[in-house]
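Structure data follow from work32.txt (compact mmCIF, C-alpha atoms):
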```txt
# COMPACT_ATOMS: atom_id res chain seq x y z
CA MET A 190 -57.15 -67.08 -101.67
CA LYS A 191 -59.57 -67.16 -104.61
CA ILE A 192 -59.80 -63.85 -106.47
CA GLY A 193 -62.21 -62.75 -109.16
CA VAL A 194 -60.90 -60.06 -111.51
CA PHE A 195 -63.69 -57.90 -112.90
CA GLY A 196 -62.49 -55.49 -115.57
CA GLY A 197 -64.31 -52.95 -117.69
CA THR A 198 -64.70 -49.29 -118.51
CA PHE A 199 -67.39 -48.80 -115.82
CA ASN A 200 -68.65 -45.79 -117.73
CA PRO A 201 -70.36 -45.40 -115.28
CA VAL A 202 -70.54 -48.27 -112.78
CA HIS A 203 -74.13 -49.31 -112.00
CA PHE A 204 -76.15 -51.86 -110.02
CA GLY A 205 -75.87 -54.43 -112.80
CA HIS A 206 -72.10 -54.55 -112.30
CA LEU A 207 -72.27 -54.54 -108.51
CA ARG A 208 -75.03 -57.13 -108.09
CA ALA A 209 -73.37 -59.52 -110.54
CA ALA A 210 -70.05 -59.21 -108.70
CA GLU A 211 -71.71 -59.88 -105.35
CA GLU A 212 -73.45 -63.01 -106.63
CA VAL A 213 -70.24 -64.32 -108.22
CA ARG A 214 -68.39 -63.81 -104.96
CA GLU A 215 -71.06 -65.49 -102.88
CA LYS A 216 -71.81 -68.45 -105.14
CA LEU A 217 -68.16 -69.30 -105.75
CA GLN A 218 -66.99 -68.34 -102.26
CA LEU A 219 -64.33 -65.96 -103.50
CA GLU A 220 -62.29 -64.07 -100.93
CA LYS A 221 -62.00 -60.98 -103.11
CA ILE A 222 -63.49 -59.29 -106.15
CA LEU A 223 -60.84 -57.07 -107.72
CA PHE A 224 -62.39 -54.36 -109.90
CA VAL A 225 -60.06 -53.13 -112.64
CA PRO A 226 -61.22 -50.00 -114.46
CA ALA A 227 -59.69 -49.63 -117.91
CA LYS A 228 -57.59 -46.50 -118.21
CA ASN A 229 -57.22 -46.52 -122.00
CA PRO A 230 -59.50 -49.15 -123.63
CA PRO A 231 -58.29 -50.38 -127.04
CA LEU A 232 -61.60 -49.68 -128.79
CA LYS A 233 -63.04 -46.20 -129.06
CA ILE A 234 -66.03 -45.81 -126.74
CA LYS A 235 -68.61 -43.10 -127.22
CA ASP A 236 -68.94 -40.64 -124.35
CA LEU A 237 -66.07 -42.17 -122.39
CA ALA A 238 -65.53 -40.24 -119.17
CA GLU A 239 -61.96 -39.40 -118.16
CA ALA A 240 -60.25 -42.36 -116.49
CA GLY A 241 -59.89 -40.56 -113.16
CA HIS A 242 -63.63 -39.96 -112.96
CA ARG A 243 -64.46 -43.57 -113.77
CA TYR A 244 -61.96 -44.78 -111.17
CA GLU A 245 -63.41 -42.52 -108.50
CA MET A 246 -67.03 -43.47 -109.25
CA LEU A 247 -66.11 -47.13 -108.94
CA ARG A 248 -64.11 -46.55 -105.76
CA ILE A 249 -66.94 -44.82 -103.93
CA SER A 250 -69.46 -47.41 -105.08
CA ILE A 251 -67.61 -50.32 -103.43
CA GLU A 252 -65.95 -48.72 -100.41
CA ASP A 253 -68.48 -50.16 -97.95
CA ASN A 254 -68.03 -53.76 -99.17
CA LYS A 255 -65.12 -55.52 -97.45
CA TRP A 256 -64.99 -58.17 -100.21
CA PHE A 257 -64.60 -55.64 -103.00
CA GLU A 258 -61.36 -53.89 -103.91
CA ILE A 259 -60.32 -51.57 -106.72
CA SER A 260 -57.03 -51.86 -108.60
CA ASP A 261 -55.17 -49.13 -110.47
CA VAL A 262 -53.05 -51.68 -112.32
CA GLU A 263 -54.03 -50.30 -115.72
CA PHE A 264 -52.82 -46.88 -114.63
CA SER A 265 -49.37 -48.38 -114.03
CA TYR A 266 -48.40 -48.94 -117.65
CA LYS A 267 -48.51 -46.83 -120.78
CA GLY A 268 -50.46 -47.56 -123.91
CA LYS A 269 -53.73 -49.39 -124.41
CA SER A 270 -55.36 -51.28 -121.54
CA TYR A 271 -55.12 -54.85 -122.79
CA THR A 272 -56.58 -57.52 -120.53
CA VAL A 273 -53.72 -59.96 -121.13
CA LYS A 274 -51.17 -57.37 -119.95
CA THR A 275 -53.27 -56.66 -116.87
CA ILE A 276 -53.60 -60.34 -115.95
CA GLU A 277 -49.86 -60.90 -116.43
CA ILE A 278 -49.12 -58.09 -113.97
CA LEU A 279 -51.70 -59.31 -111.46
CA ARG A 280 -50.32 -62.84 -111.75
CA ARG A 281 -46.95 -61.56 -110.56
CA GLU A 282 -48.61 -59.72 -107.67
CA TYR A 283 -50.82 -62.64 -106.58
CA VAL A 284 -48.37 -65.46 -107.19
CA ASN A 285 -49.95 -68.08 -104.94
CA GLU A 286 -53.60 -67.16 -105.39
CA THR A 287 -56.28 -68.78 -107.54
CA MET A 288 -57.41 -66.18 -110.05
CA TYR A 289 -60.50 -65.99 -112.26
CA LEU A 290 -61.31 -63.46 -114.95
CA ILE A 291 -65.00 -62.50 -114.73
CA VAL A 292 -66.74 -61.83 -118.05
CA GLY A 293 -70.25 -62.00 -119.49
CA ILE A 294 -71.30 -64.42 -122.22
CA ASP A 295 -71.14 -61.57 -124.74
CA SER A 296 -67.54 -60.73 -123.84
CA PHE A 297 -66.45 -64.36 -123.91
CA LEU A 298 -67.92 -64.75 -127.41
CA ASP A 299 -65.88 -61.72 -128.49
CA LEU A 300 -62.69 -63.07 -126.94
CA GLN A 301 -61.14 -64.01 -130.28
CA ASN A 302 -61.09 -60.32 -131.20
CA TRP A 303 -59.14 -59.36 -128.08
CA TRP A 304 -55.39 -58.77 -128.12
CA ARG A 305 -53.48 -62.08 -127.75
CA PRO A 306 -56.50 -64.20 -126.70
CA ASP A 307 -54.51 -67.45 -126.86
CA ARG A 308 -52.07 -66.11 -124.31
CA LEU A 309 -54.90 -64.89 -122.10
CA THR A 310 -56.67 -68.26 -122.09
CA ASP A 311 -53.37 -69.92 -121.19
CA ILE A 312 -52.79 -67.94 -118.01
CA VAL A 313 -56.16 -67.55 -116.32
CA ASP A 314 -59.41 -69.40 -115.62
CA PHE A 315 -62.73 -67.75 -116.47
CA ILE A 316 -66.05 -67.12 -114.82
CA VAL A 317 -68.65 -66.60 -117.55
CA MET A 318 -71.82 -64.90 -116.32
CA ALA A 319 -75.29 -64.94 -117.82
CA ARG A 320 -76.21 -61.76 -119.68
CA PRO A 321 -79.58 -60.39 -120.82
CA GLY A 322 -80.22 -61.39 -124.42
CA PHE A 323 -77.63 -64.19 -124.50
CA SER A 324 -77.87 -67.97 -123.97
CA PHE A 325 -75.20 -70.35 -122.75
CA ILE A 326 -75.68 -72.55 -125.84
CA GLU A 327 -74.13 -69.72 -127.87
CA LEU A 328 -70.80 -70.58 -126.24
CA ALA A 329 -70.73 -73.69 -128.43
CA ARG A 330 -69.37 -71.51 -131.23
CA SER A 331 -66.47 -70.24 -129.17
CA PRO A 332 -63.09 -71.50 -130.46
CA PHE A 333 -61.73 -71.60 -126.90
CA ILE A 334 -63.88 -74.26 -125.25
CA LYS A 335 -64.71 -77.92 -125.70
CA THR A 336 -67.86 -79.27 -124.11
CA ASP A 337 -70.95 -81.36 -124.64
CA TYR A 338 -73.75 -79.23 -126.09
CA ARG A 339 -76.12 -80.88 -123.60
CA ILE A 340 -74.29 -79.18 -120.73
CA LEU A 341 -74.87 -75.76 -122.27
CA LYS A 342 -78.51 -76.55 -123.03
CA SER A 343 -79.10 -77.70 -119.47
CA MET A 344 -77.86 -74.33 -118.17
CA ASP A 345 -80.38 -72.55 -120.38
CA ARG A 346 -83.19 -74.85 -119.22
CA ASP A 347 -82.84 -73.92 -115.55
CA LYS A 348 -81.22 -77.22 -114.64
CA GLY A 349 -78.70 -75.82 -112.20
CA ASP A 350 -77.15 -72.39 -112.01
CA MET A 351 -73.49 -73.32 -112.27
CA CYS A 352 -71.24 -75.75 -114.13
CA GLU A 353 -67.59 -76.09 -115.04
CA ILE A 354 -66.37 -76.74 -118.58
CA LYS A 355 -62.95 -77.29 -120.07
CA MET A 356 -61.13 -74.90 -122.34
CA LEU A 357 -58.82 -76.01 -125.13
CA SER A 358 -55.95 -74.39 -123.25
CA LYS A 359 -56.57 -76.85 -120.37
CA ARG A 360 -57.83 -73.98 -118.26
CA LYS A 361 -61.43 -74.02 -117.07
CA ALA A 362 -64.48 -71.81 -117.42
CA ILE A 363 -67.16 -71.72 -114.76
CA LEU A 364 -70.55 -70.89 -116.22
CA LEU A 365 -72.71 -69.05 -113.74
CA LYS A 366 -76.25 -67.73 -113.64
CA VAL A 367 -76.65 -64.38 -111.94
CA THR A 368 -79.57 -62.00 -111.62
CA GLU A 369 -79.83 -60.41 -115.04
CA LEU A 370 -80.47 -56.74 -114.34
CA ASP A 371 -81.04 -55.19 -117.73
CA ILE A 372 -79.13 -52.00 -116.94
CA SER A 373 -76.37 -50.66 -119.13
CA SER A 374 -73.93 -47.79 -118.91
CA THR A 375 -75.05 -46.74 -122.39
CA LEU A 376 -78.65 -46.45 -121.19
CA ILE A 377 -77.57 -44.31 -118.23
CA ARG A 378 -75.52 -41.99 -120.43
CA ASP A 379 -78.42 -41.62 -122.88
CA TYR A 380 -80.81 -40.79 -120.04
CA ILE A 381 -78.47 -38.10 -118.78
CA LYS A 382 -78.27 -36.52 -122.23
CA ILE A 383 -82.02 -36.17 -122.54
CA GLY A 384 -82.57 -35.14 -118.93
CA LYS A 385 -84.24 -38.34 -117.69
CA SER A 386 -83.72 -39.51 -114.12
CA ILE A 387 -81.02 -42.11 -113.47
CA LYS A 388 -81.96 -42.67 -109.84
CA TYR A 389 -82.12 -46.32 -108.73
CA LEU A 390 -79.97 -47.44 -111.68
CA LEU A 391 -76.74 -46.84 -109.78
CA PRO A 392 -75.59 -46.02 -106.23
CA GLN A 393 -76.63 -42.64 -104.86
CA GLU A 394 -72.97 -41.70 -104.33
CA VAL A 395 -72.26 -42.27 -108.04
CA TYR A 396 -75.41 -40.36 -109.02
CA SER A 397 -74.25 -37.39 -106.93
CA TYR A 398 -70.74 -37.58 -108.39
CA ILE A 399 -72.08 -37.49 -111.95
CA ILE A 400 -74.27 -34.48 -111.19
CA LYS A 401 -71.50 -32.64 -109.34
CA ASN A 402 -68.97 -33.15 -112.13
CA LYS A 403 -71.48 -32.67 -114.98
CA LEU A 404 -70.51 -35.94 -116.65
CA TYR A 405 -72.09 -37.28 -119.82
CA LYS A 406 -73.81 -34.02 -120.68
CA LYS A 407 -74.04 -33.02 -124.34
```
Please rewrite the model in this file as structure tokens.
Amino acid sequence: MKIGVFGGTFNPVHFGHLRAAEEVREKLQLEKILFVPAKNPPLKIKDLAEAGHRYEMLRISIEDNKWFEISDVEFSYKGKSYTVKTIEILRREYVNETMYLIVGIDSFLDLQNWWRPDRLTDIVDFIVMARPGFSFIELARSPFIKTDYRILKSMDRDKGDMCEIKMLSKRKAILLKVTELDISSTLIRDYIKIGKSIKYLLPQEVYSYIIKNKLYKK
């Protein structure tokens, strides 16, 4: 089985998250996308909804997709929700499966600031998705990969929508173009604060949950 692990705060989950996950699954023929909401992210995040709310919003947003599954792995240990700890636990659970960590270009470029990035890049392969405002050529400055610049440039020039590159750890990173929906959780929270509609930015079930529980209000 090939599994994509998609972590994040999902504060709240929106169509940008869901559409990207669906395209990753389809293009790479993954048998499962495992969504992992962070219980206690290491960096302080403005307007962070309680972990239980974020988990529930994510759960109801994917319950009708047989390829999507939610994991409470980060609720199983105390302390900060570090990705490397999460992947180590999931590795023990999915011993014989092929596992990929799904991130955007922006997150991959920030990888060196994560907790124990060298360990993380030793134990899992990556899927690096296109993100609005970022180019694949920017990955050339990452200290974790080694590749010909021409490969990165070709991705930015619409010459193919997928390629595989090597990482210094001998793991691999699959670069993948997905539909770049310029939606962010920050935008949604800001709209809620000023009373603007958030319809059609996220699933109706999530919209209703936010209204019912009065989330992200001032």
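Coordinates place atom CA of A:Ile372 at a distance of 7.0 Å from atom CA of A:Leu390.
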Nearest-residue call for A:Asp311, choices A:Val273, A:Ser358, A:Asp345, A:Asp350, using all atoms listed in the file: A:Ser358
Residue contacts of A:Asn229 (10 Å, all atoms listed in the file) excluding same-chain residues fewer than 6 positions away, as an MDAnalysis selection string: chainID A and resid 198 237 239:240 263:264 267:271
Nearest candidate to A:Met288 (options A:Asp337, A:Glu211, A:Asp314, A:Asp379; using all atoms listed in the file):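 Using all atoms listed in the file, A:Met288 sits closest to A:Asp314.
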Which residues are near A:Trp304? Cut-off 12 Å, all atoms listed in the file, ignore same chain within fewer than 3 positions. Put them as a tab-separated table (two decimals) with C-alpha atoms, keeping the file's coordinate frame.
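Final output, saved to around26.tsv:
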```tsv
chain	number	residue	atom	x	y	z
A	230	PRO	CA	-59.50	-49.15	-123.63
A	231	PRO	CA	-58.29	-50.38	-127.04
A	232	LEU	CA	-61.60	-49.68	-128.79
A	269	LYS	CA	-53.73	-49.39	-124.41
A	270	SER	CA	-55.36	-51.28	-121.54
A	271	TYR	CA	-55.12	-54.85	-122.79
A	272	THR	CA	-56.58	-57.52	-120.53
A	273	VAL	CA	-53.72	-59.96	-121.13
A	274	LYS	CA	-51.17	-57.37	-119.95
A	275	THR	CA	-53.27	-56.66	-116.87
A	299	ASP	CA	-65.88	-61.72	-128.49
A	300	LEU	CA	-62.69	-63.07	-126.94
A	301	GLN	CA	-61.14	-64.01	-130.28
A	307	ASP	CA	-54.51	-67.45	-126.86
A	308	ARG	CA	-52.07	-66.11	-124.31
A	309	LEU	CA	-54.90	-64.89	-122.10
A	310	THR	CA	-56.67	-68.26	-122.09
```
Contacts of A:Phe323 within 12 Å, only C-alpha atoms, excl. fewer than 4 positions in-chain, as number ranges by chain: A: 293-298, 317-319, 327-328, 344-345, 366, 369, 371
All residues 6 Å or closer to A:Leu391, all atoms listed in the file, same chain fewer than 2 positions away omitted, as a list in words: His203, Phe204 and Tyr389 of chain A
Point-to-point distance from atom CA of A:Thr375 to atom CA of A:Asn200, Å rounded to tenths: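 That distance, rounded to one decimal, is 8.0 Å.
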